[in-house]
>>> print(open('input.csv').read())   # CSV, C-alpha atoms
chain,number,residue,atom,x,y,z
A,12,MET,CA,-1.7,7.1,-9.8
A,13,LYS,CA,-2.1,9.6,-12.6
A,14,ARG,CA,-0.7,8.5,-15.9
A,15,ILE,CA,0.5,12.0,-16.7
A,16,ALA,CA,2.6,12.0,-13.5
A,17,ILE,CA,4.3,8.8,-14.6
A,18,CYS,CA,5.1,10.2,-18.0
A,19,PHE,CA,6.6,13.3,-16.5
A,20,ALA,CA,8.6,11.2,-14.1
A,21,LEU,CA,10.2,9.2,-16.8
A,22,VAL,CA,11.1,12.3,-18.8
A,23,ALA,CA,12.4,14.1,-15.8
A,24,LEU,CA,14.5,11.3,-14.4
A,25,SER,CA,15.9,10.2,-17.7
A,26,THR,CA,16.6,13.7,-18.8
A,27,ALA,CA,18.7,14.3,-15.7
A,28,THR,CA,20.5,11.0,-16.0
A,29,PHE,CA,21.3,11.6,-19.7
A,30,ALA,CA,22.5,15.1,-19.0
A,31,GLN,CA,24.8,13.9,-16.2
A,32,LYS,CA,26.2,11.1,-18.4
A,33,LYS,CA,27.0,13.7,-21.1
A,34,LYS,CA,28.7,16.0,-18.6
A,35,GLY,CA,30.5,13.1,-16.8
A,36,LYS,CA,29.5,14.6,-13.5
A,37,THR,CA,26.6,15.7,-11.3
A,38,ASP,CA,26.1,19.4,-11.0
A,39,ALA,CA,24.6,20.6,-7.7
A,40,LYS,CA,22.3,23.6,-7.9
A,41,ALA,CA,21.1,25.6,-4.9
A,42,LEU,CA,17.4,26.2,-4.5
A,43,LEU,CA,17.5,30.0,-4.7
A,44,THR,CA,14.0,30.9,-6.0
A,45,HIS,CA,10.5,29.6,-5.7
A,46,GLU,CA,10.7,28.2,-9.2
A,47,ASP,CA,13.9,26.3,-8.2
A,48,SER,CA,12.1,24.7,-5.2
A,49,LEU,CA,9.1,24.0,-7.2
A,50,SER,CA,11.1,22.3,-9.9
A,51,TYR,CA,13.1,20.2,-7.3
A,52,ALA,CA,9.9,19.2,-5.5
A,53,PHE,CA,8.4,18.1,-8.8
A,54,GLY,CA,11.4,16.0,-9.4
A,55,LEU,CA,11.1,14.3,-6.1
A,56,SER,CA,7.4,13.6,-6.6
A,57,VAL,CA,7.7,12.2,-10.1
A,58,MET,CA,10.7,10.1,-9.1
A,59,GLU,CA,8.5,8.3,-6.5
A,60,ASN,CA,5.8,7.9,-9.1
A,61,ALA,CA,8.2,6.3,-11.5
A,62,LYS,CA,9.5,3.9,-8.9
A,63,ASN,CA,6.0,2.9,-7.9
A,64,ALA,CA,5.1,2.3,-11.5
A,65,GLY,CA,7.8,-0.3,-11.8
A,66,PHE,CA,9.4,1.1,-15.0
A,67,GLU,CA,12.8,-0.5,-15.7
A,68,ASN,CA,15.3,-0.8,-18.6
A,69,LEU,CA,14.3,2.4,-20.3
A,70,SER,CA,16.7,4.1,-22.9
A,71,ASP,CA,17.8,7.6,-21.8
A,72,GLU,CA,18.8,8.3,-25.4
A,73,LEU,CA,15.4,7.4,-26.8
A,74,ILE,CA,13.6,9.5,-24.2
A,75,MET,CA,15.8,12.5,-25.1
A,76,GLN,CA,15.2,11.8,-28.8
A,77,ALA,CA,11.4,11.8,-28.1
A,78,ILE,CA,11.7,15.2,-26.4
A,79,GLN,CA,13.6,16.6,-29.3
A,80,ASP,CA,11.3,15.0,-31.9
A,81,SER,CA,8.2,16.4,-30.1
A,82,LYS,CA,9.7,19.9,-30.1
A,83,SER,CA,10.4,19.7,-33.8
A,84,GLY,CA,7.0,18.3,-34.6
A,85,LYS,CA,8.5,15.0,-35.8
A,86,ALA,CA,7.3,12.5,-33.1
A,87,LYS,CA,7.3,8.9,-34.2
A,88,LEU,CA,4.2,8.2,-32.0
A,89,ASP,CA,1.1,10.3,-31.6
A,90,LYS,CA,-0.1,11.2,-28.1
A,91,ASP,CA,-2.8,8.6,-27.9
A,92,LYS,CA,-0.5,5.8,-29.0
A,93,ALA,CA,2.2,6.8,-26.6
A,94,THR,CA,-0.3,7.1,-23.7
A,95,GLY,CA,-1.6,3.6,-24.6
A,96,ILE,CA,1.8,2.0,-24.5
A,97,ILE,CA,2.6,3.6,-21.1
A,98,ASN,CA,-0.8,2.7,-19.6
A,99,SER,CA,-0.5,-0.9,-20.8
A,100,GLU,CA,2.9,-1.2,-19.1
A,101,VAL,CA,1.5,0.3,-15.9
A,102,ARG,CA,-1.3,-2.3,-15.9
A,103,LYS,CA,1.2,-5.1,-16.5
A,104,ASN,CA,3.5,-3.9,-13.7
A,105,SER,CA,0.5,-3.5,-11.4
A,106,GLN,CA,-0.6,-7.1,-12.1
A,107,LYS,CA,2.9,-8.4,-11.4
A,108,LYS,CA,2.9,-6.7,-8.0
A,109,SER,CA,-0.6,-7.9,-7.2
A,110,ASP,CA,0.4,-11.5,-8.1
A,111,MET,CA,3.5,-11.2,-5.9
A,112,ASN,CA,1.5,-9.8,-3.0
A,113,LYS,CA,-1.0,-12.7,-3.2
A,114,LYS,CA,1.8,-15.4,-3.3
A,115,ARG,CA,3.8,-13.8,-0.5
A,116,GLY,CA,0.7,-13.5,1.7
A,117,GLU,CA,-0.3,-17.1,1.0
A,118,ALA,CA,3.2,-18.4,1.8
A,119,TYR,CA,3.3,-16.3,5.0
A,120,LEU,CA,0.1,-17.6,6.3
A,121,VAL,CA,1.1,-21.2,5.6
A,122,GLU,CA,4.2,-20.9,7.7
A,123,ASN,CA,2.5,-18.7,10.3
A,124,GLY,CA,-0.3,-21.3,10.8
A,125,LYS,CA,2.3,-23.8,12.0
A,126,LYS,CA,3.4,-21.6,14.9
A,127,ALA,CA,2.5,-22.3,18.5
A,128,GLY,CA,-0.7,-20.6,19.6
A,129,VAL,CA,-1.8,-19.6,16.1
A,130,LYS,CA,-5.3,-20.9,15.1
A,131,THR,CA,-6.9,-20.8,11.7
A,132,THR,CA,-10.7,-20.5,11.1
A,133,SER,CA,-12.7,-22.0,8.3
A,134,SER,CA,-12.6,-18.6,6.4
A,135,GLY,CA,-8.7,-18.6,6.5
A,136,LEU,CA,-8.5,-15.9,9.3
A,137,GLN,CA,-5.6,-16.7,11.7
A,138,TYR,CA,-5.5,-15.5,15.2
A,139,LYS,CA,-3.5,-15.8,18.4
A,140,LEU,CA,-4.8,-15.2,21.9
A,141,ASN,CA,-2.3,-13.1,24.0
A,142,VAL,CA,-4.5,-12.0,26.9
A,143,GLN,CA,-7.9,-13.6,27.9
A,144,GLY,CA,-10.5,-11.0,29.0
A,145,THR,CA,-13.4,-11.7,31.3
A,146,GLY,CA,-16.1,-9.4,29.8
A,147,ILE,CA,-18.8,-10.0,27.2
A,148,ALA,CA,-18.2,-10.8,23.5
A,149,PRO,CA,-19.7,-8.7,20.7
A,150,ASP,CA,-21.8,-10.0,17.8
A,151,LYS,CA,-21.7,-8.6,14.3
A,152,ASN,CA,-24.2,-5.8,14.9
A,153,ASP,CA,-22.6,-4.4,18.1
A,154,LYS,CA,-20.3,-1.4,18.5
A,155,VAL,CA,-16.8,-1.9,20.0
A,156,THR,CA,-14.1,0.3,21.4
A,157,VAL,CA,-10.6,-1.1,20.6
A,158,HIS,CA,-6.9,-0.2,20.6
A,159,TYR,CA,-5.1,-1.6,17.5
A,160,HIS,CA,-1.8,-1.6,15.7
A,161,GLY,CA,-1.8,-2.6,12.0
A,162,THR,CA,1.2,-3.7,10.0
A,163,THR,CA,1.9,-5.4,6.7
A,164,ILE,CA,3.8,-8.8,6.7
A,165,ASP,CA,6.9,-6.7,6.1
A,166,GLY,CA,6.4,-4.7,9.3
A,167,VAL,CA,5.2,-1.5,7.7
A,168,VAL,CA,2.9,0.3,10.1
A,169,PHE,CA,-0.2,1.6,8.2
A,170,ASP,CA,-2.5,2.5,11.0
A,171,SER,CA,-2.4,2.5,14.8
A,172,SER,CA,-4.7,3.8,17.4
A,173,VAL,CA,-2.0,2.9,19.9
A,174,ASP,CA,0.4,5.4,18.2
A,175,ARG,CA,-2.3,8.1,18.2
A,176,GLY,CA,-3.0,7.4,21.9
A,177,LYS,CA,-6.8,7.3,21.3
A,178,PRO,CA,-9.0,4.1,21.1
A,179,ALA,CA,-11.3,3.7,18.1
A,180,THR,CA,-15.1,3.0,18.3
A,181,PHE,CA,-17.0,1.5,15.3
A,182,GLY,CA,-19.7,-0.9,14.4
A,183,LEU,CA,-18.5,-4.5,13.6
A,184,ASN,CA,-20.6,-4.4,10.4
A,185,GLN,CA,-18.6,-1.4,9.2
A,186,VAL,CA,-15.2,-2.9,8.9
A,187,ILE,CA,-13.3,-5.5,6.8
A,188,PRO,CA,-14.5,-9.1,7.1
A,189,GLY,CA,-11.4,-10.2,9.0
A,190,TRP,CA,-12.2,-7.7,11.8
A,191,THR,CA,-15.9,-8.6,11.8
A,192,GLU,CA,-15.1,-12.2,12.3
A,193,GLY,CA,-12.1,-11.8,14.6
A,194,LEU,CA,-13.6,-9.4,17.1
A,195,GLN,CA,-16.5,-11.8,17.7
A,196,LEU,CA,-13.9,-14.3,19.0
A,197,MET,CA,-12.9,-11.9,21.7
A,198,THR,CA,-14.3,-10.8,25.1
A,199,GLU,CA,-13.8,-7.4,26.8
A,200,GLY,CA,-10.3,-7.1,28.1
A,201,SER,CA,-8.8,-9.6,25.6
A,202,LYS,CA,-5.8,-9.0,23.4
A,203,TYR,CA,-5.4,-10.9,20.2
A,204,THR,CA,-3.2,-10.9,17.1
A,205,PHE,CA,-5.1,-11.2,13.8
A,206,TYR,CA,-3.4,-12.4,10.6
A,207,ILE,CA,-5.9,-11.4,7.9
A,208,PRO,CA,-5.7,-12.9,4.4
A,209,GLN,CA,-6.1,-10.3,1.6
A,210,GLY,CA,-9.6,-11.7,0.8
A,211,LEU,CA,-10.8,-10.8,4.3
A,212,ALA,CA,-9.0,-7.5,4.2
A,213,TYR,CA,-9.0,-5.0,1.3
A,214,GLY,CA,-8.5,-7.4,-1.6
A,215,SER,CA,-7.8,-5.5,-4.8
A,216,ARG,CA,-8.3,-2.1,-3.2
A,217,ALA,CA,-5.1,-0.3,-2.3
A,218,GLN,CA,-5.4,1.8,0.9
A,219,GLY,CA,-2.6,4.3,1.6
A,220,LYS,CA,0.4,2.2,2.6
A,221,ILE,CA,-1.6,-1.0,2.0
A,222,GLU,CA,-0.9,-2.4,-1.4
A,223,ALA,CA,-3.6,-4.3,-3.3
A,224,PHE,CA,-3.9,-8.0,-2.2
A,225,SER,CA,-1.9,-7.5,1.0
A,226,THR,CA,-2.1,-9.8,3.9
A,227,LEU,CA,-2.4,-7.7,7.1
A,228,ILE,CA,-1.5,-8.2,10.8
A,229,PHE,CA,-3.3,-6.5,13.6
A,230,GLU,CA,-2.6,-6.4,17.4
A,231,VAL,CA,-6.0,-5.7,18.9
A,232,GLU,CA,-7.3,-5.0,22.4
A,233,LEU,CA,-11.0,-5.1,22.9
A,234,ILE,CA,-11.8,-2.5,25.5
A,235,LYS,CA,-15.6,-2.2,25.5
A,236,VAL,CA,-18.6,-3.8,23.8
A,237,GLU,CA,-21.8,-1.7,23.3
A,238,LYS,CA,-24.7,-4.0,22.5
A,239,VAL,CA,-27.0,-2.9,19.7
A,240,ASP,CA,-30.6,-4.2,19.6
>>> encode(input="input.csv", output="structure tokens")
Amino acid sequence: MKRIAICFALVALSTATFAQKKKGKTDAKALLTHEDSLSYAFGLSVMENAKNAGFENLSDELIMQAIQDSKSGKAKLDKDKATGIINSEVRKNSQKKSDMNKKRGEAYLVENGKKAGVKTTSSGLQYKLNVQGTGIAPDKNDKVTVHYHGTTIDGVVFDSSVDRGKPATFGLNQVIPGWTEGLQLMTEGSKYTFYIPQGLAYGSRAQGKIEAFSTLIFEVELIKVEKVD
């Protein structure tokens, strides 16, 4: 997330809120020109950035004062100081979210591991056999063709070959550790559910809809194994 977008978000949102409070109502404006649409699109974008940054309890009046002070050349903070304060808050909020994701994932796996049919390996990977295949099993250097459906523990779909209607082919040494380990438990024709701890997934790396330190769930069907010498 770009810091400048966050700053713009806070200003845009708070300015609108403050203006509405002063008027006592919300004025609707039609999008009649390209500039109108651009301005509105910018507002939508920066609002999402502000929400994702986790900023709360900000003073609309102080934000408006800062705008006015900046215009008059009487800002109480210089640009570097202001940027440092915002960036520090972004890091703090990011750390809070990361800690929460870790704890929620750990708690989920503890309870999930108690469910019938769910097994846990020494690495912490959890899996459930849904359909037993009769083909061969891959090793870590082989290529596999699979269908999969990936979600977070909240049920958010972040990737799905099933939804795309096209299986995926890749080397087992080219994917996250949870996949490398899990696929080796399967044989062709098998269908498993994998519950992958964040340490065997993307860890601190956010990936699209996957937040940092997220525990992931995959429904996987192993279609074909291509042995690599």
>>> closest_residue(input="input.csv", among="A:Thr156, A:Thr145, A:Gln209, A:Ser215", to="Arg115 of chain A", atoms="all atoms listed in the file")
A:Gln209
>>> closest_residue(input="input.csv", among="A:Glu222, A:Glu230, A:Glu46, A:Glu117", to="Tyr138 of chain A", atoms="only C-alpha atoms")
A:Glu230
>>> residues_around(input="input.csv", residues="segment 175-191 of chain A", least_positions_apart="5", cutoff="9 Å", atoms="all atoms listed in the file", output="count of residues only")
23
>>> closest_residue(input="input.csv", among="A:Lys82, A:Val168, A:Lys126, A:Gly135", to="Gly219 of chain A", atoms="all atoms listed in the file")
A:Val168
>>> closest_residue(input="input.csv", among="A:Ala217, A:Leu140, A:Ala64, A:Ala41", to="Asn112 of chain A", atoms="only C-alpha atoms")
A:Ala217
>>> residues_around(input="input.csv", residues="Val231 of chain A", least_positions_apart="4", cutoff="10 Å", atoms="all atoms listed in the file", output="ChimeraX atom specification")
/A:141,157-161,171-173,190,193-194,197,201-205
>>> axis_aligned_box(input="input.csv", around="segment 70-86 of chain A", padding_each_side="6 Å", output="lines of an AutoDock Vina configuration file")
center_x = 12.9
center_y = 12.0
center_z = -28.8
size_x = 23.8
size_y = 27.8
size_z = 26.0
>>> atom_distance(input="input.csv", atom1="atom CA of Lys108 of chain A", atom2="atom CA of Gly214 of chain A")
13.1 Å
>>> atom_distance(input="input.csv", atom1="atom CA of Lys85 of chain A", atom2="atom CA of Gly65 of chain A")
28.5 Å
>>> atom_distance(input="input.csv", atom1="atom CA of Ala77 of chain A", atom2="atom CA of Ser48 of chain A")
26.3 Å
>>> residues_near_point(input="input.csv", point="(1.0, 3.5, 4.8)", cutoff="9 Å", atoms="all atoms listed in the file", output="count of residues only")
10
>>> build_atoms(input="input.csv", residues="segment 142-173 of chain A", atoms="N, CA and C atoms", output="tab-separated table (two decimals), in the frame of the given file")
chain	number	residue	atom	x	y	z
A	142	VAL	N	-3.96	-12.27	25.58
A	142	VAL	CA	-4.50	-12.00	26.90
A	142	VAL	C	-5.99	-12.37	26.88
A	143	GLN	N	-6.46	-13.19	27.81
A	143	GLN	CA	-7.90	-13.60	27.90
A	143	GLN	C	-8.64	-12.59	28.76
A	144	GLY	N	-9.64	-11.94	28.20
A	144	GLY	CA	-10.50	-11.00	29.00
A	144	GLY	C	-11.63	-11.79	29.65
A	145	THR	N	-12.34	-11.09	30.51
A	145	THR	CA	-13.40	-11.70	31.30
A	145	THR	C	-14.79	-11.04	30.98
A	146	GLY	N	-14.81	-10.07	30.08
A	146	GLY	CA	-16.10	-9.40	29.80
A	146	GLY	C	-16.90	-10.10	28.76
A	147	ILE	N	-17.86	-9.36	28.17
A	147	ILE	CA	-18.80	-10.00	27.20
A	147	ILE	C	-18.15	-9.93	25.80
A	148	ALA	N	-18.70	-10.77	24.93
A	148	ALA	CA	-18.20	-10.80	23.50
A	148	ALA	C	-19.24	-10.08	22.65
A	149	PRO	N	-18.78	-9.45	21.58
A	149	PRO	CA	-19.70	-8.70	20.70
A	149	PRO	C	-20.27	-9.69	19.64
A	150	ASP	N	-21.38	-9.29	19.01
A	150	ASP	CA	-21.80	-10.00	17.80
A	150	ASP	C	-21.68	-8.96	16.65
A	151	LYS	N	-22.01	-9.39	15.44
A	151	LYS	CA	-21.70	-8.60	14.30
A	151	LYS	C	-22.41	-7.27	14.16
A	152	ASN	N	-23.46	-7.07	14.95
A	152	ASN	CA	-24.20	-5.80	14.90
A	152	ASN	C	-23.84	-4.83	16.01
A	153	ASP	N	-22.95	-5.25	16.91
A	153	ASP	CA	-22.60	-4.40	18.10
A	153	ASP	C	-21.52	-3.38	17.70
A	154	LYS	N	-21.38	-2.40	18.60
A	154	LYS	CA	-20.30	-1.40	18.50
A	154	LYS	C	-19.19	-1.87	19.48
A	155	VAL	N	-17.95	-1.60	19.09
A	155	VAL	CA	-16.80	-1.90	20.00
A	155	VAL	C	-15.87	-0.76	20.06
A	156	THR	N	-15.18	-0.70	21.17
A	156	THR	CA	-14.10	0.30	21.40
A	156	THR	C	-12.81	-0.55	21.50
A	157	VAL	N	-11.82	-0.25	20.67
A	157	VAL	CA	-10.60	-1.10	20.60
A	157	VAL	C	-9.37	-0.17	20.53
A	158	HIS	N	-8.25	-0.75	20.93
A	158	HIS	CA	-6.90	-0.20	20.60
A	158	HIS	C	-6.37	-1.23	19.57
A	159	TYR	N	-5.69	-0.73	18.54
A	159	TYR	CA	-5.10	-1.60	17.50
A	159	TYR	C	-3.86	-1.07	16.94
A	160	HIS	N	-3.08	-1.97	16.37
A	160	HIS	CA	-1.80	-1.60	15.70
A	160	HIS	C	-1.70	-2.47	14.47
A	161	GLY	N	-1.78	-1.83	13.28
A	161	GLY	CA	-1.80	-2.60	12.00
A	161	GLY	C	-0.53	-2.49	11.24
A	162	THR	N	-0.02	-3.64	10.77
A	162	THR	CA	1.20	-3.70	10.00
A	162	THR	C	0.99	-4.62	8.77
A	163	THR	N	1.85	-4.45	7.76
A	163	THR	CA	1.90	-5.40	6.70
A	163	THR	C	2.81	-6.58	7.17
A	164	ILE	N	2.91	-7.64	6.35
A	164	ILE	CA	3.80	-8.80	6.70
A	164	ILE	C	5.24	-8.37	6.70
A	165	ASP	N	5.56	-7.23	6.09
A	165	ASP	CA	6.90	-6.70	6.10
A	165	ASP	C	7.20	-5.78	7.26
A	166	GLY	N	6.19	-5.57	8.11
A	166	GLY	CA	6.40	-4.70	9.30
A	166	GLY	C	6.11	-3.28	9.10
A	167	VAL	N	5.56	-2.89	7.94
A	167	VAL	CA	5.20	-1.50	7.70
A	167	VAL	C	3.94	-1.13	8.45
A	168	VAL	N	4.02	-0.13	9.32
A	168	VAL	CA	2.90	0.30	10.10
A	168	VAL	C	1.99	1.19	9.17
A	169	PHE	N	0.72	0.82	8.99
A	169	PHE	CA	-0.20	1.60	8.20
A	169	PHE	C	-1.28	2.30	8.94
A	170	ASP	N	-1.53	1.86	10.15
A	170	ASP	CA	-2.50	2.50	11.00
A	170	ASP	C	-2.39	2.01	12.41
A	171	SER	N	-2.57	2.91	13.39
A	171	SER	CA	-2.40	2.50	14.80
A	171	SER	C	-3.07	3.49	15.72
A	172	SER	N	-4.11	3.01	16.39
A	172	SER	CA	-4.70	3.80	17.40
A	172	SER	C	-3.81	3.94	18.63
A	173	VAL	N	-2.95	2.93	18.80
A	173	VAL	CA	-2.00	2.90	19.90
A	173	VAL	C	-1.03	4.11	19.72
